[in-house]
Structure formats: C-alpha cells, structure tokens
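Structure file start-v1.cif with mmCIF, C-alpha atoms:
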```cif
data_protein
loop_
_atom_site.group_PDB
_atom_site.id
_atom_site.type_symbol
_atom_site.label_atom_id
_atom_site.label_comp_id
_atom_site.auth_asym_id
_atom_site.auth_seq_id
_atom_site.Cartn_x
_atom_site.Cartn_y
_atom_site.Cartn_z
ATOM 1 C CA MET A 910 -13.180 82.727 1.878
ATOM 2 C CA MET A 911 -10.950 85.288 0.176
ATOM 3 C CA THR A 912 -10.711 85.074 -3.597
ATOM 4 C CA THR A 913 -7.858 86.579 -5.559
ATOM 5 C CA TRP A 914 -7.097 86.742 -9.254
ATOM 6 C CA CYS A 915 -4.339 84.357 -10.317
ATOM 7 C CA ALA A 916 -2.665 83.900 -13.702
ATOM 8 C CA VAL A 917 -3.099 80.645 -15.599
ATOM 9 C CA GLN A 918 -0.746 79.722 -18.438
ATOM 10 C CA THR A 919 -2.458 77.985 -21.342
ATOM 11 C CA HIS A 920 -1.248 75.918 -24.256
ATOM 12 C CA ALA A 921 -0.545 77.865 -27.445
ATOM 13 C CA ARG A 922 -3.769 79.325 -28.913
ATOM 14 C CA ALA A 923 -5.869 77.438 -26.339
ATOM 15 C CA GLU A 924 -7.016 80.377 -24.200
ATOM 16 C CA ASP A 925 -10.694 80.022 -25.169
ATOM 17 C CA LYS A 926 -10.635 76.252 -24.665
ATOM 18 C CA ALA A 927 -9.041 76.641 -21.208
ATOM 19 C CA ALA A 928 -11.531 79.370 -20.243
ATOM 20 C CA PHE A 929 -14.462 77.182 -21.335
ATOM 21 C CA HIS A 930 -13.305 74.177 -19.296
ATOM 22 C CA LEU A 931 -12.429 76.276 -16.228
ATOM 23 C CA ARG A 932 -15.912 77.841 -16.283
ATOM 24 C CA ARG A 933 -17.434 74.350 -16.540
ATOM 25 C CA GLN A 934 -15.613 73.508 -13.303
ATOM 26 C CA GLY A 935 -17.193 76.537 -11.615
ATOM 27 C CA TYR A 936 -14.291 78.999 -11.714
ATOM 28 C CA THR A 937 -14.719 82.681 -12.492
ATOM 29 C CA VAL A 938 -12.496 83.373 -15.506
ATOM 30 C CA PHE A 939 -11.269 86.658 -16.973
ATOM 31 C CA LEU A 940 -9.821 86.394 -20.485
ATOM 32 C CA PRO A 941 -9.186 89.957 -21.679
ATOM 33 C CA LYS A 942 -9.176 90.380 -25.462
ATOM 34 C CA HIS A 943 -8.333 93.207 -27.824
ATOM 35 C CA LEU A 944 -8.620 93.765 -31.556
ATOM 36 C CA LYS A 945 -5.506 92.511 -33.310
ATOM 37 C CA ARG A 946 -4.587 93.429 -36.855
ATOM 38 C CA ARG A 947 -4.299 90.381 -39.118
ATOM 39 C CA LYS A 948 -2.865 90.354 -42.643
ATOM 40 C CA HIS A 949 -3.726 87.511 -44.954
ATOM 41 C CA ALA A 950 -3.580 87.236 -48.738
ATOM 42 C CA ARG A 951 -3.565 91.002 -49.383
ATOM 43 C CA ARG A 952 -6.394 91.462 -46.893
ATOM 44 C CA ILE A 953 -6.170 93.251 -43.590
ATOM 45 C CA ASP A 954 -8.791 92.699 -40.920
ATOM 46 C CA TRP A 955 -9.134 93.065 -37.192
ATOM 47 C CA VAL A 956 -9.882 90.013 -35.056
ATOM 48 C CA PRO A 957 -10.431 89.575 -31.313
ATOM 49 C CA ALA A 958 -7.302 88.076 -29.745
ATOM 50 C CA PRO A 959 -6.120 87.513 -26.169
ATOM 51 C CA LEU A 960 -4.522 90.607 -24.658
ATOM 52 C CA PHE A 961 -1.939 88.333 -23.015
ATOM 53 C CA PRO A 962 -1.296 85.408 -25.378
ATOM 54 C CA ARG A 963 -1.183 82.060 -23.505
ATOM 55 C CA TYR A 964 -2.526 83.612 -20.260
ATOM 56 C CA LEU A 965 -5.868 84.179 -18.592
ATOM 57 C CA PHE A 966 -6.948 84.987 -15.033
ATOM 58 C CA VAL A 967 -8.994 82.899 -12.655
ATOM 59 C CA ALA A 968 -10.554 83.940 -9.321
ATOM 60 C CA LEU A 969 -9.798 81.452 -6.578
ATOM 61 C CA ASP A 970 -9.140 81.040 -2.868
ATOM 62 C CA PRO A 971 -5.455 80.106 -2.513
ATOM 63 C CA ASP A 972 -6.142 78.589 0.931
ATOM 64 C CA ALA A 973 -8.691 76.144 -0.475
ATOM 65 C CA GLY A 974 -7.141 72.974 -1.857
ATOM 66 C CA ARG A 975 -9.531 72.798 -4.806
ATOM 67 C CA TRP A 976 -7.308 74.869 -7.114
ATOM 68 C CA TRP A 977 -4.951 71.974 -7.868
ATOM 69 C CA SER A 978 -7.467 70.742 -10.469
ATOM 70 C CA ILE A 979 -6.686 73.796 -12.610
ATOM 71 C CA ARG A 980 -3.388 72.258 -13.741
ATOM 72 C CA SER A 981 -5.120 69.238 -15.277
ATOM 73 C CA THR A 982 -7.791 71.222 -17.121
ATOM 74 C CA PHE A 983 -7.944 70.908 -20.931
ATOM 75 C CA GLY A 984 -6.082 73.819 -22.513
ATOM 76 C CA VAL A 985 -4.174 74.702 -19.331
ATOM 77 C CA SER A 986 -0.414 74.359 -19.245
ATOM 78 C CA ASN A 987 0.218 75.555 -15.680
ATOM 79 C CA LEU A 988 -0.967 77.744 -12.836
ATOM 80 C CA VAL A 989 1.512 80.526 -12.114
ATOM 81 C CA CYS A 990 2.781 79.953 -8.569
ATOM 82 C CA PHE A 991 5.327 81.330 -6.129
ATOM 83 C CA GLY A 992 6.594 78.216 -4.448
ATOM 84 C CA SER A 993 3.599 76.004 -3.750
ATOM 85 C CA ARG A 994 0.985 78.805 -3.681
ATOM 86 C CA PRO A 995 -0.765 80.454 -6.619
ATOM 87 C CA ALA A 996 0.668 83.901 -7.379
ATOM 88 C CA ALA A 997 -1.975 86.535 -6.618
ATOM 89 C CA MET A 998 -2.411 89.383 -9.098
ATOM 90 C CA PRO A 999 -2.802 92.863 -7.624
ATOM 91 C CA PRO A 1000 -6.535 93.631 -7.908
ATOM 92 C CA GLU A 1001 -5.726 97.104 -9.304
ATOM 93 C CA ILE A 1002 -4.273 95.540 -12.456
ATOM 94 C CA ILE A 1003 -7.421 93.537 -13.171
ATOM 95 C CA ALA A 1004 -9.580 96.599 -12.371
ATOM 96 C CA GLU A 1005 -7.534 98.746 -14.780
ATOM 97 C CA ILE A 1006 -7.933 96.209 -17.593
ATOM 98 C CA GLU A 1007 -11.692 96.001 -16.915
ATOM 99 C CA THR A 1008 -12.062 99.802 -17.094
ATOM 100 C CA ARG A 1009 -10.482 99.797 -20.565
ATOM 101 C CA GLN A 1010 -13.075 97.367 -21.965
ATOM 102 C CA ASP A 1011 -15.623 98.665 -24.440
ATOM 103 C CA GLU A 1012 -19.277 97.590 -24.735
ATOM 104 C CA LYS A 1013 -18.197 94.417 -26.593
ATOM 105 C CA GLY A 1014 -15.763 93.451 -23.833
ATOM 106 C CA LEU A 1015 -12.687 94.287 -25.917
ATOM 107 C CA VAL A 1016 -9.799 96.101 -24.243
ATOM 108 C CA LYS A 1017 -8.796 99.359 -25.885
ATOM 109 C CA THR A 1018 -4.999 99.239 -26.007
ATOM 110 C CA HIS A 1019 -4.369 102.757 -27.286
ATOM 111 C CA ALA A 1020 -6.122 106.065 -27.300
ATOM 112 C CA GLY A 1021 -5.887 106.546 -31.050
ATOM 113 C CA CYS A 1022 -3.519 108.897 -32.813
ATOM 114 C CA GLY A 1023 -1.143 110.796 -30.534
ATOM 115 C CA PHE A 1024 0.081 113.318 -33.122
ATOM 116 C CA LYS A 1025 -0.950 116.942 -33.552
ATOM 117 C CA LYS A 1026 -1.121 118.854 -36.836
ATOM 118 C CA GLY A 1027 2.380 120.012 -37.763
ATOM 119 C CA ASP A 1028 4.307 117.453 -35.692
ATOM 120 C CA PRO A 1029 7.472 116.249 -37.484
ATOM 121 C CA VAL A 1030 7.173 112.523 -38.258
ATOM 122 C CA ARG A 1031 9.113 109.780 -40.036
ATOM 123 C CA ILE A 1032 7.639 106.909 -42.048
ATOM 124 C CA ILE A 1033 9.369 103.683 -41.048
ATOM 125 C CA ASP A 1034 7.876 101.105 -43.425
ATOM 126 C CA GLY A 1035 6.543 100.672 -46.923
ATOM 127 C CA PRO A 1036 7.462 102.416 -50.184
ATOM 128 C CA LEU A 1037 7.942 105.769 -48.416
ATOM 129 C CA ASN A 1038 10.242 104.244 -45.790
ATOM 130 C CA ASP A 1039 12.600 106.735 -44.097
ATOM 131 C CA LEU A 1040 10.923 109.878 -45.453
ATOM 132 C CA GLU A 1041 10.222 112.720 -43.037
ATOM 133 C CA GLY A 1042 7.262 115.032 -43.177
ATOM 134 C CA LEU A 1043 4.672 116.857 -41.118
ATOM 135 C CA PHE A 1044 1.627 115.214 -39.592
ATOM 136 C CA ASP A 1045 -1.579 116.583 -41.108
ATOM 137 C CA CYS A 1046 -4.567 114.621 -39.782
ATOM 138 C CA PRO A 1047 -5.980 111.165 -39.063
ATOM 139 C CA THR A 1048 -8.181 109.805 -41.865
ATOM 140 C CA ASP A 1049 -9.679 106.861 -39.975
ATOM 141 C CA GLU A 1050 -8.698 104.466 -37.194
ATOM 142 C CA GLU A 1051 -5.935 102.897 -39.303
ATOM 143 C CA ARG A 1052 -4.479 105.641 -41.517
ATOM 144 C CA VAL A 1053 -3.186 109.183 -41.261
ATOM 145 C CA THR A 1054 -2.308 111.948 -43.723
ATOM 146 C CA ILE A 1055 1.294 113.182 -43.844
ATOM 147 C CA LEU A 1056 2.645 116.210 -45.756
ATOM 148 C CA LEU A 1057 5.861 115.288 -47.605
ATOM 149 C CA GLN A 1058 8.204 117.387 -49.746
ATOM 150 C CA LEU A 1059 8.454 115.392 -52.976
ATOM 151 C CA MET A 1060 9.895 116.682 -56.260
ATOM 152 C CA GLY A 1061 9.943 120.258 -55.055
ATOM 153 C CA ARG A 1062 6.358 120.471 -53.854
ATOM 154 C CA GLU A 1063 4.249 119.540 -50.833
ATOM 155 C CA VAL A 1064 2.300 116.301 -51.320
ATOM 156 C CA LYS A 1065 -0.345 114.768 -49.045
ATOM 157 C CA VAL A 1066 0.008 111.006 -48.585
ATOM 158 C CA ARG A 1067 -2.106 108.538 -46.619
ATOM 159 C CA VAL A 1068 -0.142 105.898 -44.732
ATOM 160 C CA PRO A 1069 -0.943 103.347 -42.010
ATOM 161 C CA LEU A 1070 -0.744 104.898 -38.537
ATOM 162 C CA GLU A 1071 1.497 102.068 -37.336
ATOM 163 C CA THR A 1072 4.217 103.109 -39.825
ATOM 164 C CA VAL A 1073 4.486 106.696 -38.522
ATOM 165 C CA TYR A 1074 6.798 107.683 -35.677
ATOM 166 C CA ALA A 1075 7.721 111.032 -34.185
ATOM 167 C CA CYS A 1076 11.050 112.437 -35.311
ATOM 168 C CA ALA A 1077 13.651 112.659 -32.575
#
```

Could you render the structure from this file as structure tokens?
Amino acid sequence: MMTTWCAVQTHARAEDKAAFHLRRQGYTVFLPKHLKRRKHARRIDWVPAPLFPRYLFVALDPDAGRWWSIRSTFGVSNLVCFGSRPAAMPPEIIAEIETRQDEKGLVKTHAGCGFKKGDPVRIIDGPLNDLEGLFDCPTDEERVTILLQLMGREVKVRVPLETVYACA
C-alpha cells in the first residue's frame, strides 16, 4: 500500500469541518494554517486561518477504491483528480510546509522584515501614502520605523510593515 498526499477542495470556510469528518472516516489529514491579520471595528488581531483557503491534504492510496467516499464527506466539495485518479502532491511540498510550522502548528509565511537600516522605502497606504524615506528599524512584528523628510527636518514615523515597499 503506497500512500500519497492528495488535495481536497472544500466548501467555502468549511476546511475544519471537512478535516474533522475525514479524520472520523480514518483518513490522515493535513490542514496547514497560518496567522492571518483581521481588521474589525477599529481592531486588528491575528487569527489562525487555512494557508490554502478551500483546500486541505489527505493521505490515501490512489489504487485502493476507498477514496471515492471523500467526495461525499461533509464540508468537501471535490477531490482534485487528473482524469479518474486523485492528483498526487509531490511529497517535497508537504515536507517544506511541515518544516515551516512552529510549535503551535502554524506555518510561518515570512521571515519577518527584509529591510536593512538605510534602505530607501516608499509608504504605499495610509495618511503618509506615496512618501519616500529611509528604513530605520523594526519596532515589533507588525510595525517599522521610517525616517521621512517632513517640513525641512528628519522625522521618525512608525507605520505598519505591510505598507512599506522598497523603492525601485
């Protein structure tokens, strides 16, 4: 018996439900999640969310006929197939995702801030939109300090990391 990882398409926002029901049927399920930024009513928080919305992975033997039951599982929309056989995922992809998981099982999608002190940057959103300055330092996981020339002097401003891009 040779098991391979195959992709399962779920209904919208039903990844956890599909994973639960597939596990109840005895399948090994891999539902990678990451921390996603969520804005709501002037509040910003980070919530676990599927790394691939509407998809999860299931280990199965494509030569065994048992996998047809996956398509009728609660929360599942379809099993990704090539022709009449489940499409096998390269094991290296699953292994790479697993190596990026932290102790809580969340996949780290970036390695933090990629700027060095003095790098020219542009702010692309918010009240300082389209201003250019020099990167100074990260302040925490979400914000960075930028040096801007405002009103004839150098001013330090803290902005969200996601609004800062390198100047071309």

- Query: Quick one: which residues end up in the PyMOL selection byres ((chain A and resi 1042-1055) around 9) for this structure, as an MDAnalysis selection string?
  - Reply: chainID A and resid 1021:1022 1024:1032 1040:1041 1056:1058 1064:1071 1073

With 4 Å of padding per side, what axis-aligned box (centre and edge lengths, Å, one decimal) covers all the listed atoms of region 925-936 of chain A? Give it as JSON.
```
{"center_x": -13.2, "center_y": 76.8, "center_z": -18.4, "size_x": 16.4, "size_y": 14.5, "size_z": 21.6}
```

message = At a cut-off of 12 Å, using all atoms listed in the file, what residues contact region 983-988 of chain A? Leave out same-chain residues fewer than 6 positions from it and give the result as an MDAnalysis selection string.
response = chainID A and resid 914:934 963:969 971 976:977 994:997

- Task: Could you tell me which of A:Ser993, A:Met911, A:Thr937, A:Lys942 comes closest to Glu1007 (chain A) if we count all atoms listed in the file?
- Result: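 Under the stated criterion, the closest residue is A:Lys942.
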
The residue from A:Asp972, A:Ser981, A:Pro1000, A:His943 with the smallest atom-to-atom distance to Val1016 (chain A), counting all atoms listed in the file, is A:His943

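Using only C-alpha atoms, the shortest contact distance between Leu1015 (chain A) and any of A:Gly935, A:Thr912, A:Leu944, A:Glu1001 is found at A:Leu944.
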
Could you tell me how far CA of Asp1039 (chain A) sits from CA of Gly1061 (chain A), in Å to one decimal place?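 Separation between CA of Gly1061 (chain A) and CA of Asp1039 (chain A): 17.6 Å.
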
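From CA of Arg952 (chain A) back to CA of Leu1059 (chain A), the distance works out to 28.8 Å.
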
One number please: CA of Thr913 (chain A) to CA of Asp970 (chain A), in Å, one decimal.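 Interatomic distance, CA of Thr913 (chain A) to CA of Asp970 (chain A): 6.3 Å.
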